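Dropping query_27.cif in here (mmCIF, C-alpha atoms; chains and numbers go by the auth columns):
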```cif
data_work
#
loop_
_atom_site.group_PDB
_atom_site.id
_atom_site.type_symbol
_atom_site.label_atom_id
_atom_site.label_comp_id
_atom_site.label_asym_id
_atom_site.label_seq_id
_atom_site.Cartn_x
_atom_site.Cartn_y
_atom_site.Cartn_z
_atom_site.B_iso_or_equiv
_atom_site.auth_seq_id
_atom_site.auth_asym_id
ATOM 1 C CA MET A 1 4.876 -1.283 6.329 0.00 169 A
ATOM 2 C CA ASP A 2 2.184 -3.603 7.703 0.00 170 A
ATOM 3 C CA ILE A 3 -1.110 -2.339 6.258 0.00 171 A
ATOM 4 C CA ILE A 4 -4.268 -3.342 8.132 0.00 172 A
ATOM 5 C CA LEU A 5 -7.693 -2.936 6.493 0.00 173 A
ATOM 6 C CA ASP A 6 -11.060 -2.864 8.237 0.00 174 A
ATOM 7 C CA GLU A 7 -14.100 -4.836 7.070 0.00 175 A
ATOM 8 C CA ASN A 8 -14.961 -2.132 4.503 0.00 176 A
ATOM 9 C CA GLY A 9 -11.537 -2.160 2.875 0.00 177 A
ATOM 10 C CA LYS A 10 -10.421 1.109 4.498 0.00 178 A
ATOM 11 C CA VAL A 11 -6.907 1.417 5.928 0.00 179 A
ATOM 12 C CA ASP A 12 -7.125 1.133 9.719 0.00 180 A
ATOM 13 C CA LYS A 13 -4.699 3.858 10.800 0.00 181 A
ATOM 14 C CA ASP A 14 -4.749 2.746 14.434 0.00 182 A
ATOM 15 C CA GLN A 15 -3.612 -0.783 13.539 0.00 183 A
ATOM 16 C CA THR A 16 -1.405 -0.039 10.524 0.00 184 A
ATOM 17 C CA ARG A 17 2.204 0.437 11.569 0.00 185 A
ATOM 18 C CA ASP A 18 5.644 0.924 10.100 0.00 186 A
ATOM 19 C CA SER A 19 7.982 -2.032 10.289 0.00 187 A
ATOM 20 C CA ILE A 20 11.325 -3.029 8.824 0.00 188 A
ATOM 21 C CA TRP A 21 11.233 -6.716 9.764 0.00 189 A
ATOM 22 C CA PHE A 22 8.224 -8.933 9.212 0.00 190 A
ATOM 23 C CA VAL A 23 8.465 -12.378 10.769 0.00 191 A
ATOM 24 C CA LEU A 24 6.050 -15.217 10.074 0.00 192 A
ATOM 25 C CA PHE A 25 5.583 -17.641 12.943 0.00 193 A
ATOM 26 C CA PRO A 26 4.297 -21.114 11.957 0.00 194 A
ATOM 27 C CA ILE A 27 0.841 -22.063 13.234 0.00 195 A
ATOM 28 C CA PRO A 28 0.946 -25.493 14.913 0.00 196 A
ATOM 29 C CA ASN A 29 -1.018 -28.279 13.282 0.00 197 A
ATOM 30 C CA ILE A 30 -4.073 -28.789 15.510 0.00 198 A
ATOM 31 C CA LEU A 31 -4.199 -32.504 14.687 0.00 199 A
ATOM 32 C CA GLU A 32 -0.628 -32.919 15.887 0.00 200 A
ATOM 33 C CA VAL A 33 -1.494 -31.056 19.094 0.00 201 A
ATOM 34 C CA LEU A 34 -4.491 -33.322 19.688 0.00 202 A
ATOM 35 C CA ALA A 35 -2.441 -36.430 18.979 0.00 203 A
ATOM 36 C CA LEU A 36 0.147 -35.321 21.516 0.00 204 A
ATOM 37 C CA SER A 37 -2.608 -34.537 24.029 0.00 205 A
ATOM 38 C CA CYS A 38 -4.067 -38.033 23.595 0.00 206 A
ATOM 39 C CA LYS A 39 -0.739 -39.558 24.560 0.00 207 A
ATOM 40 C CA CYS A 40 -0.689 -37.459 27.725 0.00 208 A
ATOM 41 C CA CYS A 41 -4.261 -38.296 28.858 0.00 209 A
ATOM 42 C CA ARG A 42 -4.543 -39.605 32.400 0.00 210 A
ATOM 43 C CA SER A 43 -7.868 -41.391 31.924 0.00 211 A
ATOM 44 C CA GLU A 44 -9.649 -43.430 29.265 0.00 212 A
ATOM 45 C CA GLU A 45 -12.492 -40.878 29.270 0.00 213 A
ATOM 46 C CA GLU A 46 -10.170 -37.968 28.440 0.00 214 A
ATOM 47 C CA ARG A 47 -8.552 -40.003 25.684 0.00 215 A
ATOM 48 C CA GLN A 48 -11.940 -40.813 24.091 0.00 216 A
ATOM 49 C CA VAL A 49 -13.013 -37.146 24.157 0.00 217 A
ATOM 50 C CA LEU A 50 -9.842 -36.048 22.394 0.00 218 A
ATOM 51 C CA GLU A 51 -10.121 -38.878 19.857 0.00 219 A
ATOM 52 C CA LYS A 52 -13.671 -37.717 18.984 0.00 220 A
ATOM 53 C CA ALA A 53 -12.448 -34.106 18.666 0.00 221 A
ATOM 54 C CA LYS A 54 -9.663 -35.270 16.383 0.00 222 A
ATOM 55 C CA GLU A 55 -12.088 -37.317 14.262 0.00 223 A
ATOM 56 C CA PHE A 56 -15.053 -34.930 13.963 0.00 224 A
ATOM 57 C CA GLY A 57 -14.242 -31.510 15.346 0.00 225 A
ATOM 58 C CA CYS A 58 -11.122 -30.482 13.484 0.00 226 A
ATOM 59 C CA GLN A 59 -12.202 -30.628 9.869 0.00 227 A
ATOM 60 C CA ARG A 60 -11.407 -27.413 8.106 0.00 228 A
ATOM 61 C CA GLU A 61 -14.453 -25.447 6.950 0.00 229 A
ATOM 62 C CA LYS A 62 -14.604 -24.832 3.242 0.00 230 A
ATOM 63 C CA ALA A 63 -15.366 -21.158 2.591 0.00 231 A
ATOM 64 C CA SER A 64 -16.085 -19.816 -0.872 0.00 232 A
ATOM 65 C CA PRO A 65 -13.879 -16.808 -1.593 0.00 233 A
ATOM 66 C CA PRO A 66 -15.543 -13.677 -2.982 0.00 234 A
ATOM 67 C CA LYS A 67 -15.781 -13.494 -6.752 0.00 235 A
ATOM 68 C CA CYS A 68 -12.841 -11.446 -8.056 0.00 236 A
ATOM 69 C CA ASP A 69 -13.971 -9.575 -11.143 0.00 237 A
ATOM 70 C CA VAL A 70 -12.665 -6.066 -10.357 0.00 238 A
ATOM 71 C CA ASP A 71 -9.069 -4.856 -10.174 0.00 239 A
ATOM 72 C CA VAL A 72 -7.521 -1.453 -9.549 0.00 240 A
ATOM 73 C CA GLU A 73 -4.237 0.201 -10.487 0.00 241 A
ATOM 74 C CA ILE A 74 -2.582 3.544 -9.728 0.00 242 A
ATOM 75 C CA LEU A 75 -0.996 4.751 -12.963 0.00 243 A
ATOM 76 C CA SER A 76 2.618 5.936 -13.073 0.00 244 A
ATOM 77 C CA GLN A 77 3.402 9.569 -13.737 0.00 245 A
ATOM 78 C CA GLU A 78 6.213 12.104 -13.558 0.00 246 A
ATOM 79 C CA VAL A 79 5.842 15.056 -11.188 0.00 247 A
ATOM 80 C CA ARG A 80 8.069 18.079 -10.547 0.00 248 A
ATOM 81 C CA VAL A 81 8.540 19.161 -6.913 0.00 249 A
ATOM 82 C CA GLY A 82 5.881 21.748 -6.074 0.00 250 A
ATOM 83 C CA ASP A 83 3.452 20.936 -8.929 0.00 251 A
ATOM 84 C CA THR A 84 -0.243 20.266 -8.386 0.00 252 A
ATOM 85 C CA PHE A 85 -1.097 17.046 -10.213 0.00 253 A
ATOM 86 C CA ASN A 86 -3.891 14.553 -10.783 0.00 254 A
ATOM 87 C CA LEU A 87 -3.365 11.044 -9.436 0.00 255 A
ATOM 88 C CA THR A 88 -5.058 8.594 -11.826 0.00 256 A
ATOM 89 C CA VAL A 89 -6.710 5.473 -10.382 0.00 257 A
ATOM 90 C CA GLN A 90 -7.828 2.957 -13.023 0.00 258 A
ATOM 91 C CA PHE A 91 -10.550 0.342 -12.464 0.00 259 A
ATOM 92 C CA ASN A 92 -11.101 -2.691 -14.685 0.00 260 A
ATOM 93 C CA LYS A 93 -14.075 -5.034 -14.510 0.00 261 A
ATOM 94 C CA HIS A 94 -14.111 -8.488 -16.099 0.00 262 A
ATOM 95 C CA SER A 95 -17.725 -9.599 -15.795 0.00 263 A
ATOM 96 C CA ASP A 96 -21.121 -8.717 -17.286 0.00 264 A
ATOM 97 C CA GLN A 97 -22.506 -7.592 -13.919 0.00 265 A
ATOM 98 C CA CYS A 98 -22.722 -4.045 -12.536 0.00 266 A
ATOM 99 C CA ARG A 99 -20.465 -3.338 -9.567 0.00 267 A
ATOM 100 C CA THR A 100 -20.229 -0.585 -6.939 0.00 268 A
ATOM 101 C CA VAL A 101 -16.886 0.038 -5.237 0.00 269 A
ATOM 102 C CA ASN A 102 -16.421 2.113 -2.085 0.00 270 A
ATOM 103 C CA MET A 103 -12.855 3.375 -2.401 0.00 271 A
ATOM 104 C CA TYR A 104 -10.400 5.128 -0.104 0.00 272 A
ATOM 105 C CA ILE A 105 -7.311 6.897 -1.463 0.00 273 A
ATOM 106 C CA SER A 106 -4.535 8.194 0.782 0.00 274 A
ATOM 107 C CA GLY A 107 -1.044 9.527 0.198 0.00 275 A
ATOM 108 C CA SER A 108 1.773 9.949 2.704 0.00 276 A
ATOM 109 C CA VAL A 109 5.322 11.225 2.511 0.00 277 A
ATOM 110 C CA VAL A 110 7.833 8.396 3.011 0.00 278 A
ATOM 111 C CA TYR A 111 11.478 8.262 4.077 0.00 279 A
ATOM 112 C CA TYR A 112 14.048 6.286 2.075 0.00 280 A
ATOM 113 C CA THR A 113 13.467 3.327 4.428 0.00 281 A
ATOM 114 C CA GLY A 114 9.796 3.175 3.453 0.00 282 A
ATOM 115 C CA VAL A 115 8.601 4.490 6.814 0.00 283 A
ATOM 116 C CA SER A 116 5.605 6.812 6.427 0.00 284 A
ATOM 117 C CA SER A 117 5.590 10.394 7.618 0.00 285 A
ATOM 118 C CA ALA A 118 2.870 13.033 7.202 0.00 286 A
ATOM 119 C CA GLU A 119 -0.334 12.384 5.249 0.00 287 A
ATOM 120 C CA VAL A 120 -0.833 14.751 2.303 0.00 288 A
ATOM 121 C CA VAL A 121 -4.143 13.586 0.839 0.00 289 A
ATOM 122 C CA PHE A 122 -7.124 11.448 1.823 0.00 290 A
ATOM 123 C CA GLU A 123 -10.330 10.943 -0.163 0.00 291 A
ATOM 124 C CA SER A 124 -13.226 8.507 -0.308 0.00 292 A
ATOM 125 C CA GLN A 125 -15.190 7.796 -3.486 0.00 293 A
ATOM 126 C CA LYS A 126 -18.043 5.604 -4.661 0.00 294 A
ATOM 127 C CA VAL A 127 -17.290 4.193 -8.094 0.00 295 A
ATOM 128 C CA LYS A 128 -19.979 2.564 -10.246 0.00 296 A
ATOM 129 C CA LEU A 129 -18.836 0.165 -12.953 0.00 297 A
ATOM 130 C CA GLU A 130 -21.014 -0.965 -15.834 0.00 298 A
ATOM 131 C CA PRO A 131 -20.623 -4.455 -17.382 0.00 299 A
ATOM 132 C CA LEU A 132 -17.138 -5.039 -18.818 0.00 300 A
ATOM 133 C CA GLN A 133 -16.289 -1.375 -18.232 0.00 301 A
ATOM 134 C CA GLY A 134 -12.972 0.268 -17.432 0.00 302 A
ATOM 135 C CA LYS A 135 -13.022 3.574 -15.619 0.00 303 A
ATOM 136 C CA GLU A 136 -10.533 6.182 -14.409 0.00 304 A
ATOM 137 C CA GLU A 137 -10.922 8.378 -11.349 0.00 305 A
ATOM 138 C CA LYS A 138 -8.800 11.475 -10.653 0.00 306 A
ATOM 139 C CA VAL A 139 -7.547 12.663 -7.274 0.00 307 A
ATOM 140 C CA VAL A 140 -6.107 16.181 -7.085 0.00 308 A
ATOM 141 C CA VAL A 141 -2.846 16.410 -5.132 0.00 309 A
ATOM 142 C CA ARG A 142 -1.984 20.057 -4.459 0.00 310 A
ATOM 143 C CA GLY A 143 1.570 21.284 -4.201 0.00 311 A
ATOM 144 C CA GLU A 144 0.811 23.409 -1.141 0.00 312 A
ATOM 145 C CA ASP A 145 -0.400 20.291 0.671 0.00 313 A
ATOM 146 C CA TYR A 146 2.845 18.321 0.317 0.00 314 A
ATOM 147 C CA MET A 147 5.760 20.703 -0.358 0.00 315 A
ATOM 148 C CA HIS A 148 6.397 21.597 3.296 0.00 316 A
ATOM 149 C CA LYS A 149 6.107 17.916 4.311 0.00 317 A
ATOM 150 C CA LEU A 150 8.531 16.311 1.837 0.00 318 A
ATOM 151 C CA VAL A 151 11.666 14.682 3.227 0.00 319 A
ATOM 152 C CA GLU A 152 15.053 13.951 1.636 0.00 320 A
ATOM 153 C CA GLN A 153 13.974 11.545 -1.126 0.00 321 A
ATOM 154 C CA GLY A 154 10.905 13.524 -2.236 0.00 322 A
ATOM 155 C CA ASN A 155 8.643 10.437 -2.392 0.00 323 A
ATOM 156 C CA ILE A 156 4.903 10.153 -1.773 0.00 324 A
ATOM 157 C CA HIS A 157 3.394 6.709 -1.144 0.00 325 A
ATOM 158 C CA PHE A 158 -0.192 6.361 -2.402 0.00 326 A
ATOM 159 C CA ILE A 159 -2.521 3.564 -1.307 0.00 327 A
ATOM 160 C CA THR A 160 -5.989 2.901 -2.650 0.00 328 A
ATOM 161 C CA THR A 161 -8.224 0.293 -1.026 0.00 329 A
ATOM 162 C CA GLY A 162 -11.878 -0.574 -1.301 0.00 330 A
ATOM 163 C CA LYS A 163 -14.642 -3.128 -1.140 0.00 331 A
ATOM 164 C CA VAL A 164 -16.957 -4.298 -3.914 0.00 332 A
ATOM 165 C CA LYS A 165 -20.480 -3.950 -2.534 0.00 333 A
ATOM 166 C CA GLU A 166 -22.065 -6.819 -4.473 0.00 334 A
ATOM 167 C CA THR A 167 -19.395 -9.495 -3.869 0.00 335 A
ATOM 168 C CA GLY A 168 -17.429 -8.417 -0.806 0.00 336 A
ATOM 169 C CA GLN A 169 -14.166 -8.492 -2.775 0.00 337 A
ATOM 170 C CA ILE A 170 -11.389 -6.330 -1.313 0.00 338 A
ATOM 171 C CA ILE A 171 -9.201 -4.533 -3.862 0.00 339 A
ATOM 172 C CA THR A 172 -6.029 -2.563 -3.261 0.00 340 A
ATOM 173 C CA ALA A 173 -3.138 -0.931 -5.107 0.00 341 A
ATOM 174 C CA MET A 174 -0.021 1.002 -4.120 0.00 342 A
ATOM 175 C CA LYS A 175 2.324 3.347 -5.943 0.00 343 A
ATOM 176 C CA VAL A 176 5.327 5.459 -4.917 0.00 344 A
ATOM 177 C CA VAL A 177 5.523 8.740 -6.851 0.00 345 A
ATOM 178 C CA SER A 178 8.985 10.320 -6.906 0.00 346 A
ATOM 179 C CA MET A 179 9.229 14.074 -7.349 0.00 347 A
ATOM 180 C CA HIS A 180 11.627 15.231 -10.034 0.00 348 A
ATOM 181 C CA LYS A 181 14.225 17.588 -8.601 0.00 349 A
ATOM 182 C CA PRO A 182 16.178 20.326 -10.445 0.00 350 A
ATOM 183 C CA LYS A 183 19.269 18.899 -12.156 0.00 351 A
ATOM 184 C CA LEU A 184 22.652 19.840 -10.734 0.00 352 A
ATOM 185 C CA ILE A 185 25.504 20.820 -13.063 0.00 353 A
ATOM 186 C CA MET A 186 29.032 20.366 -11.710 0.00 354 A
ATOM 187 C CA MET A 187 32.088 21.949 -13.354 0.00 355 A
ATOM 188 C CA VAL A 188 35.779 21.691 -12.463 0.00 356 A
ATOM 189 C CA THR A 189 38.207 24.485 -13.344 0.00 357 A
ATOM 190 C CA GLY A 190 41.913 24.684 -12.793 0.00 358 A
ATOM 191 C CA SER A 191 44.436 21.834 -12.958 0.00 359 A
ATOM 192 C CA PRO A 192 42.957 18.525 -11.760 0.00 360 A
ATOM 193 C CA ARG A 193 46.338 17.168 -10.659 0.00 361 A
ATOM 194 C CA VAL A 194 47.775 16.051 -7.344 0.00 362 A
ATOM 195 C CA SER A 195 48.874 19.011 -5.187 0.00 363 A
ATOM 196 C CA GLU A 196 47.435 21.474 -7.720 0.00 364 A
ATOM 197 C CA GLU A 197 44.630 23.852 -6.813 0.00 365 A
ATOM 198 C CA MET A 198 41.319 23.483 -8.618 0.00 366 A
ATOM 199 C CA HIS A 199 37.791 24.829 -8.204 0.00 367 A
ATOM 200 C CA VAL A 200 34.480 23.012 -8.327 0.00 368 A
ATOM 201 C CA SER A 201 31.264 24.893 -9.046 0.00 369 A
ATOM 202 C CA VAL A 202 27.734 23.538 -8.760 0.00 370 A
ATOM 203 C CA GLU A 203 24.743 25.241 -10.307 0.00 371 A
ATOM 204 C CA PHE A 204 21.106 24.542 -11.116 0.00 372 A
ATOM 205 C CA THR A 205 18.157 26.332 -12.672 0.00 373 A
ATOM 206 C CA ASN A 206 15.059 26.848 -10.564 0.00 374 A
ATOM 207 C CA PRO A 207 12.105 25.715 -12.744 0.00 375 A
ATOM 208 C CA PHE A 208 9.477 26.932 -10.279 0.00 376 A
ATOM 209 C CA LYS A 209 7.745 30.213 -9.539 0.00 377 A
ATOM 210 C CA PHE A 210 8.978 30.241 -5.944 0.00 378 A
ATOM 211 C CA ASN A 211 12.409 30.542 -4.362 0.00 379 A
ATOM 212 C CA LEU A 212 14.492 27.474 -3.593 0.00 380 A
#
```
Can I see the file as structure tokens?
Amino acid sequence: MDIILDENGKVDKDQTRDSIWFVLFPIPNILEVLALSCKCCRSEEERQVLEKAKEFGCQREKASPPKCDVDVEILSQEVRVGDTFNLTVQFNKHSDQCRTVNMYISGSVVYYTGVSSAEVVFESQKVKLEPLQGKEEKVVVRGEDYMHKLVEQGNIHFITTGKVKETGQIITAMKVVSMHKPKLIMMVTGSPRVSEEMHVSVEFTNPFKFNL
């Protein structure tokens, strides 16, 4: 999945798309392009213009990256199919400054290929972090919101993204939560020999309050 974020750190659903192959195409070196162009110039004037561009106009700007003093993690947990559970998002801050994080949390059912299906939860939160403070936020995921949307593997892909107001830092975390399914018990009766008849029985216990 190619995940595209907007300037506030929110997942841009119009631009984000499912993909199996991701190909990186090399960006040509602008200096090499200019050097080649100089060789192809028809006049001395064109050559001088390109030489000046190569000398003065192609220096890479040095940008200071935002200070990274906040990180986020979605904690692992075990969930039975059909249960309502709390998704725990943990924030850690590593500086003595207060920070405010505008967070977005979404969860979608995924196929075994990783391709997303229906969305089951979406929330936005403002999280305030005191100096050197760790903090946990809970997101309620209700069984009735995802049970009828689950596909064969019973997986939900959670993504949390956000932007630190004071520094502009973008933070993100992902976690796939697999639903625990009832265990199957297989028994063979009879004579397990070639050309002999035998019987195979499969049974399981329904741990839920609804029919399966």
Coordinates-based distance that separates atom CA of A:Lys343 from atom CA of A:Leu243 (Å, one decimal):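 Answer for the atom CA of A:Leu243 to atom CA of A:Lys343 separation: 7.9 Å.
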Could you give me, as a VMD selection string, the residues that sit within 12 Å of (-11.6, 4.9, -7.1) in the file's coordinates, counting all atoms listed in the file? chain A and resid 238 to 242 255 to 260 268 to 274 290 to 297 302 to 307 327 to 332 339 to 341
Can you work out the spacing between atom CA of A:Asp264 and atom CA of A:Glu298 in Å, to one decimal?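 Value for the atom CA of A:Asp264-atom CA of A:Glu298 distance: 7.9 Å.
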Taking into account all atoms listed in the file, which residue in the set A:Ser346, A:Pro375, A:Glu287, A:Glu246 is nearest to A:Tyr314?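 Ranking A:Ser346, A:Pro375, A:Glu287, A:Glu246 by distance to A:Tyr314, first place goes to A:Glu287.
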What would the selection look like, as number ranges by chain, if the PyMOL selection byres ((chain A and resi 367) around 10) were run on the coordinates I just shared? A: 355-360, 365-366, 368-369
For a test of reading the model, state the distance in Å between atom CA of A:Tyr280 and atom CA of A:Val319, rounded to one decimal.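 Going from atom CA of A:Tyr280 over to atom CA of A:Val319, I get 8.8 Å.
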Choose the residue, out of A:Val247, A:Asp313, A:Asp237, A:Met342, that has the smallest atom-to-atom separation from A:Phe326; count all atoms listed in the file.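 That would be A:Met342, the residue with the smallest distance to A:Phe326.
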Centre and edge lengths of an axis-aligned box around all listed atoms of stretch 270-285 of chain A, with 6 Å added on each side, are to be given in Å to one decimal, as lines of an AutoDock Vina configuration file.
```
center_x = -1.2
center_y = 6.7
center_z = 2.6
size_x = 42.5
size_y = 21.1
size_z = 22.0
```
Quick one: everything within 10 Å of A:Cys236, counting all atoms listed in the file, minus sequence neighbours fewer than 6 positions away in the same chain. Send it as a VMD selection string. chain A and resid 261 to 263 332 335 to 339
